[in-house]
Each structure stands twice: as structure tokens, then as C-alpha cells.
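Following: one structure in C-alpha cells, then a few remarks.
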Protein chains: 2
Amino acid sequence: MSHPPTGPNPCDRCLLRCNPAFLPVTTEELHIIEAFRTGTRAVEAGRPVIEEDRPSPQLYTIYSGWAFRYKTLSDGRRQILSFLLAGDFVGLQDEFAESHTHGVEAVTDVTLCSFARDRLWELFHGQPKLGYHITWLAAREEKMVDDNLVTAGRRNAAERVAMLLMHLYRRAERIGMAREGWVQFPFTQQHIADALGLSLVHTNKTLRRLQQLRLYKLDGGWLRILDPHALQTLGDYFERPLLPTPLI
Amino acid sequence: MSHPPTGPNPCDRCLLRCNPAFLPVTTEELHIIEAFRTGTRAVEAGRPVIEEDRPSPQLYTIYSGWAFRYKTLSDGRRQILSFLLAGDFVGLQDEFAESHTHGVEAVTDVTLCSFARDRLWELFHGQPKLGYHITWLAAREEKMVDDNLVTAGRRNAAERVAMLLMHLYRRAERIGMAREGWVQFPFTQQHIADALGLSLVHTNKTLRRLQQLRLYKLDGGWLRILDPHALQTLGDYFERPLLPTPLI
DNA sequence: CGTTAAGTTGACAAGTCTCAAGTTAAGTGG
DNA sequence: CCACTTAACTTGAGACTTGTCAACTTAACG
């Protein structure tokens with residue numbers, strides 16, 4: 001999961017596909033995917049991947065880095081809908097959208113593989129298995145939003161923070177981003193507040209409290225979960241065993 | 001949209017397909033859908049359609065009535081994730097789930113068309129267009145959850161209620177359930193509270209306030225929007241023009 | 001007419017937000 | 001290498017929204 005110097009490789013030498021978290025594909029499927037791919041793109045930390053109000057002609061798979069999907073109300077209040085990292089497929093909603101849906105912004109520097117939206121149907125048609133996989137990814141994405149909705153709707157501040165820390169740690173760990181119990185944590189407290197539906201100040205105080213309880217540790221942009229059991233119980237958030245994920 | 005006396009018809013005489021809100025299908029597609037369908041099912045108001053902790057072997061399309069998807073935390077706090085009505089496709093998430101995901105419960109008496117989950121791949125394979133449609137439905141469903149997450153995370157009580165009233169009214173209206181500006185409204189204040197992430201009492205007070213402002217009217221289980229402009233503005237929630245929906 | 005679920009209301013408690021003022025950390029240019 | 005600037009993070013105080021508790025009313029139903 002280290003950053004490739006010049007962006008993603010051609011699909012047949014894609015580093016992500018060596019990752020056991022992802023489902024293997026046949027050579028034929030790989031060729032179809034490669035033909036579907038239109039290129040790669042790098043986005044700097046903090047810059048937009050997809051503008052909120054403009055439909056994007058591209059679909060993306062995150063190749064490296066962290067990003068997030070969000071929506072803003074007209075007075076500027078912002079809600080982060082979900083975080084995205086390597087392997088996540090973005091922009092599907094727009095394909096079927098009557099109009100604008102959400103924005104996507106890079107947290108770290110991000111590299112992406114891009115696909116032409118208007119050839120999505122072609123992909124379903126020519127390779128139904130890949131269509132099935134895309135549906136798989138859409139369903140997984142929805143499940144994450146479901147979880148976030150439960151969080152915003154029913155958990156209190158400490159529970160929210162506990163849940164999010166475990167969630168982010170687990171997702172990074174799952175695709176091999178953990179190094180001896182530490183995971184890169186590039187998020188600001190503003191990101192966390194926007195994701196949890198809390199104010200920045202209250203997020204800070206809650207974070208502080210859980211840190212003083214020695215439930216987690218944050219050092220130089222790296223996160224370590226000190227007491228996973230406590231965080232899971234507090235957040236009432238338990239990861240189920242995970243199946244390999246399709247990768248488009 | 002009146003209730004059929006004995007449950008849904010065979011697909012080739014499906015009343016829903018006469019509804020212009022839904023995408024027309026070819027005869028061949030209709031046959032495939034009919035072969036995919038395993039039967040129909042009636043669920044009484046208040047009864048479970050899918051149990052929260054048990055994976056369901058069935059997928060469903062709602063044929064008539066209102067239902068909702070929900071999740072509960074282990075101490076009983078419940079969050080409604082989205083409301084379901086005629087044409088909505090349910091259970092897809094489970095197909096790809098590592099384990100349990102959400103429960104589904106009937107609000108009114110509900111009739112359903114059921115499909116065998118283990119033949120979903122067959123459907124994608126034999127009729128990619130229908131697979132594409134299912135993805136369409138999944139993406140639309142996710143957009144609704146996105147909206148609900150923004151609501152729970154960033155809107156205050158009055159804004160939440162305004163948004164939900166408009167949302168429910170619009171969805172019912174769209175598939176022809178409106179009668180001279182009135183729409184059936186079978187939800188209790190507990191449903192609304194659970195959907196909005198508010199307490200029952202506060203939901204009641206907020207509802208009352210908006211009613212006294214003459215923004216809407218509720219009479220004998222029927223809802224009328226008196227001031228759509230005010231509710232839309234308050235909820236910062238504007239419906240975009242809608243395309244016909246696929247119907248599986 | 002009695003029973004039950006749903007809705008209503010007021011009083012008070014608690015959680016979260018806002019405001020305002022720091023402090024720390026990380027650049028950047030002189 | 002240091003002074004300056006800026007973004008991120010902290011902290012306390014007080015206001016406000018929302019939640020909880022408890023009692024009561026209304027509507028629906030047998």
C-alpha cells in the first residue's frame with residue numbers, strides 16, 4: 001500500500017490485485033477491465049475528486065490514499081457520508097442520478113483509476129460477472145452508510161467516536177495498511193466532526209476524553225487502538241468476518 | 001395503487017407496470033422476471049418482513065403498502081434507515097453480506113413479490129439489462145440513505161420533520177398514491193422519531209409546531225402538504241426531476 | 001364501557017453547540 | 001536559523017436544543 005511513484009500500473013501489474021483482501025479475477029476479466037479503464041488521475045490532498053454540483057463523466061476506483069464522500073446543505077453545513085480508500089468504487093450513484101448527488105474530496109494525496117461512465121452498460125452487457133461485482137460494491141457501500149446513519153441518529157458523542165475509530169482502523173488494516181498495530185490517520189478533527197454529525201469543539205473534547213482513558217493513541221498522524229474491546233463495546237460496533245472484495 | 005384483494009397478479013398482468021413511474025420492459029424481460037419470481041407474500045401491518053438477525057433466503061419487491069428498513073443497537077435504540085413502498089427492491093444487501101444487515105418491518109399491510117436469492121447471479125448472467133436495473137435500484141436506495149444521513153447528522157428537529165414530510169409525500173405522490181392533494185399517512189410519531197434520530201416527545205412537539213404554522217395537515221391517517229414551499233425551504237430539501245424507475 | 005395504543009403537555013435534566021481565547025505544530029520567507 | 005503566518009488543536013463558560021420523566025387526553029376497538 002505504499003504510494004506508487006508515478007500512479008497506478010497497468011491493470012495486469014496492478015499492485016492492489018496482489019492483495020488477498022481482493023477477489024482474484026480471470027485473465028479475460030482483467031482485459032475487459034483494462035479496456036474499460038480510461039486512465040489514471042492523481043488528486044492532491046484537500047482537492048476535489050468530484051464536485052458536488054457537477055455530474056462527473058468518470059467513474060473511479062481508488063488506487064491509493066484516503067478520500068470521502070460528502071453533501072452540504074445550502075447554508076454550508078457539511079455531512080461526510082462515507083470514507084473511501086483503495087479498492088472503493090466511486091461515482092456509481094451519478095450514473096443513475098437524475099441530478100447531482102454528492103461530492104468527493106481527497107484527504108491525502110489520492111490516485112485513481114478512471115472509467116468512462118457511458119460505457120458502464122457495455123461492461124454489464126459484455127461481462128455480467130463484473131456487473132454483479134459492481135452491484136456487490138454498491139451494496140457494501142450502502143451498508144456503510146447505513147451504519148453511519150445509525151451512528152448519527154442514535155449514538156452519543158463518545159459512542160460515535162469509538163465507532164469511527166474502530167471503523168477506520170479496521171478498514172485500513174484489512175487492506176494491509178497496518179504496521180505493527182499502527183495505521184496512518186490523516187484525518188483532522190473537522191473531518192471526524194463532519195462525519196459524526198458533531199461540532200468541532202465537542203468532537204475535540206470527546207476525542208480527548210477517550211484518549212485520556214487510554215483507549216487509543218494518536219502520534220504523528222498514526223493511530224493505534226490500545227483497547228479494541230473497550231472501543232467496540234462502547235461503540236456497540238463489531239466487525240463481522242469479511243469476504244474478499246471485488247475490485248474493478 | 002389500491003390493494004389487490006388476493007395479492008399481486010402474475011407479472012404479465014402486474015398492475016404496477018401500468019404505472020408510468022416505472023420503466024417499461026420487453027416481453028422477454030418480463031418472462032425472465034416471472035421465472036425469477038418464486039411467489040408472493042402478504043405481511044400484516046407491524047409484522048416483520050425480514051428479521052434483523054437472520055439472513056433471508058428471499059429478495060423482495062414491494063407490491064403494495066409501506067414498510068421500512070431499520071437497525072437496532074444492542075440496548076434497543078432503533079434507527080429507521082429508509083422507508084419502502086411499491087416498486088422498491090429489498091434484501092439485496094444481504095446477498096452480499098458477510099452476515100446480518102438490517103431488519104424490514106411492515107407499516108401497513110404489505111404484499112410482496114419474492115425472488116430466490118441464490119438465483120440472482122443467474123439473472124445477471126442471463127439478462128444483463130436486469131442486472132443493470134438492479135444496480136440502478138441499489139444506487140437509488142443508497143442516495144436515499146445518504147439524504148437521511150445528512151438529515152440525522154446536520155438538520156435540527158424542525159428541519160428534519162419538514163424534510164421527511166416532503167420526502168414521504170413526494171414518494172407516494174410519484175407512484176400515483178395521491179388523491180386530490182392527500183396521501184395516506186400510516187406512520188406513528190414513533191416511526192418518525194426513529195427515522196429522524198429524535199426522541200418521541202421532541203418529535204411530537206416539533207410536529208405540533210409545524211402543524212400550527214399550517215405547513216401541513218393530518219386527518220384520519222391522510223396527509224396534506226399545505227405549504228410545500230415553506231417545508232422545502234425549511235428542510236432544504238428539493239426534489240429533482242425523476243426518471244422512470246426500473247421494476248424487477 | 002373498559003382497555004389499550006397513540007398522541008399531548010409541562011417541568012426539568014442532560015448533552016451538545018457556540019463563542020471566545022488560547023496553545024501547539026508546521027510551514028515559509030527573510 | 002529565526003520571525004512570522006497559518007491551520008489545527010484545546011479549553012472554559014454559558015446558551016440552547018433535545019432528551020427524560022410523568023401525567024394526562026384522545027382515539028380506536030371489542
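Ordering of the C-alpha cells sets the chain letters (A, B, ...); residue numbers start at 1 within each chain; ligands are numbered from 1 in the order shown.
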Counting only C-alpha atoms (C1' of nucleotides), give me one row per residue of chain C with an atom at most 8 Å from an atom of chain B, showing the shortest contact pair and its distance in Å to one decimal, sorted by chain then residue number, as a tab-separated table.
residue	atom	partner	partner_atom	distance
C:DA6	C1'	B:Thr188	CA	7.5
C:DG7	C1'	B:Asn204	CA	7.8
C:DT8	C1'	B:Asn204	CA	7.7
Closest-contact table, chain A side, partner chain B, 8 Å, counting only C-alpha atoms, as CSV:
residue,atom,partner,partner_atom,distance
A:Lys71,CA,B:Val150,CA,7.2
A:Leu73,CA,B:Asp236,CA,6.8
A:Ser74,CA,B:Asp236,CA,7.0
A:Arg77,CA,B:Arg154,CA,6.6
A:Arg78,CA,B:Arg154,CA,7.2
A:Gln79,CA,B:Val150,CA,5.6
A:Leu81,CA,B:Asp146,CA,6.4
A:Leu92,CA,B:Ala139,CA,7.0
A:Gln93,CA,B:Ala139,CA,5.1
A:Phe96,CA,B:Trp136,CA,5.9
A:Ala97,CA,B:Arg140,CA,7.7
A:Glu98,CA,B:Leu242,CA,5.9
A:Ser99,CA,B:Arg240,CA,6.8
A:Thr101,CA,B:Lys143,CA,7.3
A:Trp121,CA,B:Tyr132,CA,7.1
A:Phe124,CA,B:Pro128,CA,5.8
A:His125,CA,B:Pro128,CA,5.3
A:Pro128,CA,B:His125,CA,5.3
A:Lys129,CA,B:His125,CA,7.0
A:Gly131,CA,B:Gly131,CA,7.0
A:Tyr132,CA,B:Phe124,CA,6.6
A:Ile134,CA,B:Thr135,CA,7.8
A:Thr135,CA,B:Thr135,CA,5.4
A:Trp136,CA,B:Phe96,CA,5.9
A:Ala138,CA,B:Ala139,CA,6.7
A:Ala139,CA,B:Gln93,CA,5.1
A:Arg140,CA,B:Gln93,CA,7.0
A:Glu141,CA,B:Glu142,CA,8.0
A:Glu142,CA,B:Glu142,CA,5.3
A:Lys143,CA,B:Gln93,CA,7.2
A:Val145,CA,B:Val145,CA,6.7
A:Asp146,CA,B:Leu81,CA,6.4
A:Asn148,CA,B:Leu149,CA,7.2
A:Leu149,CA,B:Leu149,CA,5.0
A:Val150,CA,B:Gln79,CA,5.6
A:Ala152,CA,B:Gly153,CA,5.3
A:Gly153,CA,B:Gly197,CA,4.0
A:Arg154,CA,B:Gly197,CA,5.9
A:Leu196,CA,B:Gly153,CA,6.7
A:Gly197,CA,B:Gly153,CA,4.0
A:Leu198,CA,B:Gly153,CA,7.4
A:Asp236,CA,B:Leu73,CA,6.9
A:Arg240,CA,B:Glu98,CA,6.7
A:Pro241,CA,B:Glu98,CA,6.5
A:Leu242,CA,B:Glu98,CA,6.0
A:Leu243,CA,B:Glu98,CA,6.5
Between chain D and chain B, at 9 Å or less, what are the per-residue closest atom pairs and their distances in Å? Count only C-alpha atoms (C1' of nucleotides), order by chain and rising residue number, and return it as a Markdown table.
| residue | atom | partner | partner_atom | distance |
| --- | --- | --- | --- | --- |
| D:DT17 | C1' | B:Asn156 | CA | 8.4 |
| D:DT18 | C1' | B:His202 | CA | 7.0 |
| D:DG19 | C1' | B:Ser199 | CA | 6.6 |
(request) Would you mind reading off the distance between CA of Thr61 in chain B and CA of Trp182 in chain B, one decimal, in Å? (result)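 Result for CA of Thr61 in chain B versus CA of Trp182 in chain B: 24.9 Å, one decimal.
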(message) Which residues are near Gly87 in chain B? Cut-off 7 Å, only C-alpha atoms (C1' of nucleotides), ignore same chain within fewer than 4 positions. Put them as a ChimeraX atom specification.
(response) /B:61-63,247
With all heavy atoms retained, export the selected residues as a PDB file, in the first residue's frame.
ATOM      1  N   THR B  61     -39.664  -7.550  -3.970  1.00  0.00           N
ATOM      2  CA  THR B  61     -40.108  -6.258  -4.466  1.00  0.00           C
ATOM      3  C   THR B  61     -41.414  -5.952  -3.754  1.00  0.00           C
ATOM      4  O   THR B  61     -42.300  -6.808  -3.691  1.00  0.00           O
ATOM      5  CB  THR B  61     -40.345  -6.290  -5.987  1.00  0.00           C
ATOM      6  OG1 THR B  61     -39.095  -6.383  -6.658  1.00  0.00           O
ATOM      7  CG2 THR B  61     -41.043  -5.022  -6.453  1.00  0.00           C
ATOM      8  N   ILE B  62     -41.502  -4.737  -3.208  1.00  0.00           N
ATOM      9  CA  ILE B  62     -42.754  -4.345  -2.573  1.00  0.00           C
ATOM     10  C   ILE B  62     -43.805  -4.172  -3.666  1.00  0.00           C
ATOM     11  O   ILE B  62     -43.563  -3.490  -4.670  1.00  0.00           O
ATOM     12  CB  ILE B  62     -42.603  -3.001  -1.826  1.00  0.00           C
ATOM     13  CG1 ILE B  62     -41.368  -3.017  -0.926  1.00  0.00           C
ATOM     14  CG2 ILE B  62     -43.885  -2.691  -1.058  1.00  0.00           C
ATOM     15  CD1 ILE B  62     -41.560  -3.527   0.440  1.00  0.00           C
ATOM     16  N   TYR B  63     -44.932  -4.803  -3.480  1.00  0.00           N
ATOM     17  CA  TYR B  63     -46.016  -4.667  -4.460  1.00  0.00           C
ATOM     18  C   TYR B  63     -47.038  -3.638  -3.990  1.00  0.00           C
ATOM     19  O   TYR B  63     -47.532  -2.846  -4.772  1.00  0.00           O
ATOM     20  CB  TYR B  63     -46.674  -6.017  -4.695  1.00  0.00           C
ATOM     21  CG  TYR B  63     -47.773  -5.934  -5.709  1.00  0.00           C
ATOM     22  CD1 TYR B  63     -47.488  -5.798  -7.063  1.00  0.00           C
ATOM     23  CD2 TYR B  63     -49.110  -5.964  -5.321  1.00  0.00           C
ATOM     24  CE1 TYR B  63     -48.493  -5.688  -8.000  1.00  0.00           C
ATOM     25  CE2 TYR B  63     -50.127  -5.854  -6.249  1.00  0.00           C
ATOM     26  CZ  TYR B  63     -49.809  -5.709  -7.588  1.00  0.00           C
ATOM     27  OH  TYR B  63     -50.810  -5.590  -8.515  1.00  0.00           O
ATOM     28  N   LEU B 247     -38.318  -1.713 -12.594  1.00  0.00           N
ATOM     29  CA  LEU B 247     -39.168  -2.511 -11.693  1.00  0.00           C
ATOM     30  C   LEU B 247     -38.846  -3.976 -11.925  1.00  0.00           C
ATOM     31  O   LEU B 247     -38.988  -4.485 -13.034  1.00  0.00           O
ATOM     32  CB  LEU B 247     -40.645  -2.231 -12.003  1.00  0.00           C
ATOM     33  CG  LEU B 247     -41.681  -3.024 -11.211  1.00  0.00           C
ATOM     34  CD1 LEU B 247     -41.599  -2.718  -9.726  1.00  0.00           C
ATOM     35  CD2 LEU B 247     -43.083  -2.735 -11.744  1.00  0.00           C
TER      36      LEU B 247
END
(request) Take CA of Arg41 in chain A and CA of Asp118 in chain A and report the distance between them in Å, one decimal. (result) 18.3 Å
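As for CA of Glu173 in chain A and CA of Cys113 in chain A, they are spaced 21.9 Å apart.
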(message) Just checking: using only C-alpha atoms (C1' of nucleotides), which residue out of A:Ala158, A:Leu234, A:Val183, A:Ala21 ends up closest to DG15 in chain C?
(response)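 Closest candidate: A:Ala158.
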(request) Run DSSP on the backbone and grab whatever in range 9-187 of chain B lands in strand (DSSP E); send it over as number ranges by chain. (result) B: 37-43, 48-50, 58-64, 67-72, 78-84, 89-90, 103-106, 110-116, 182-184
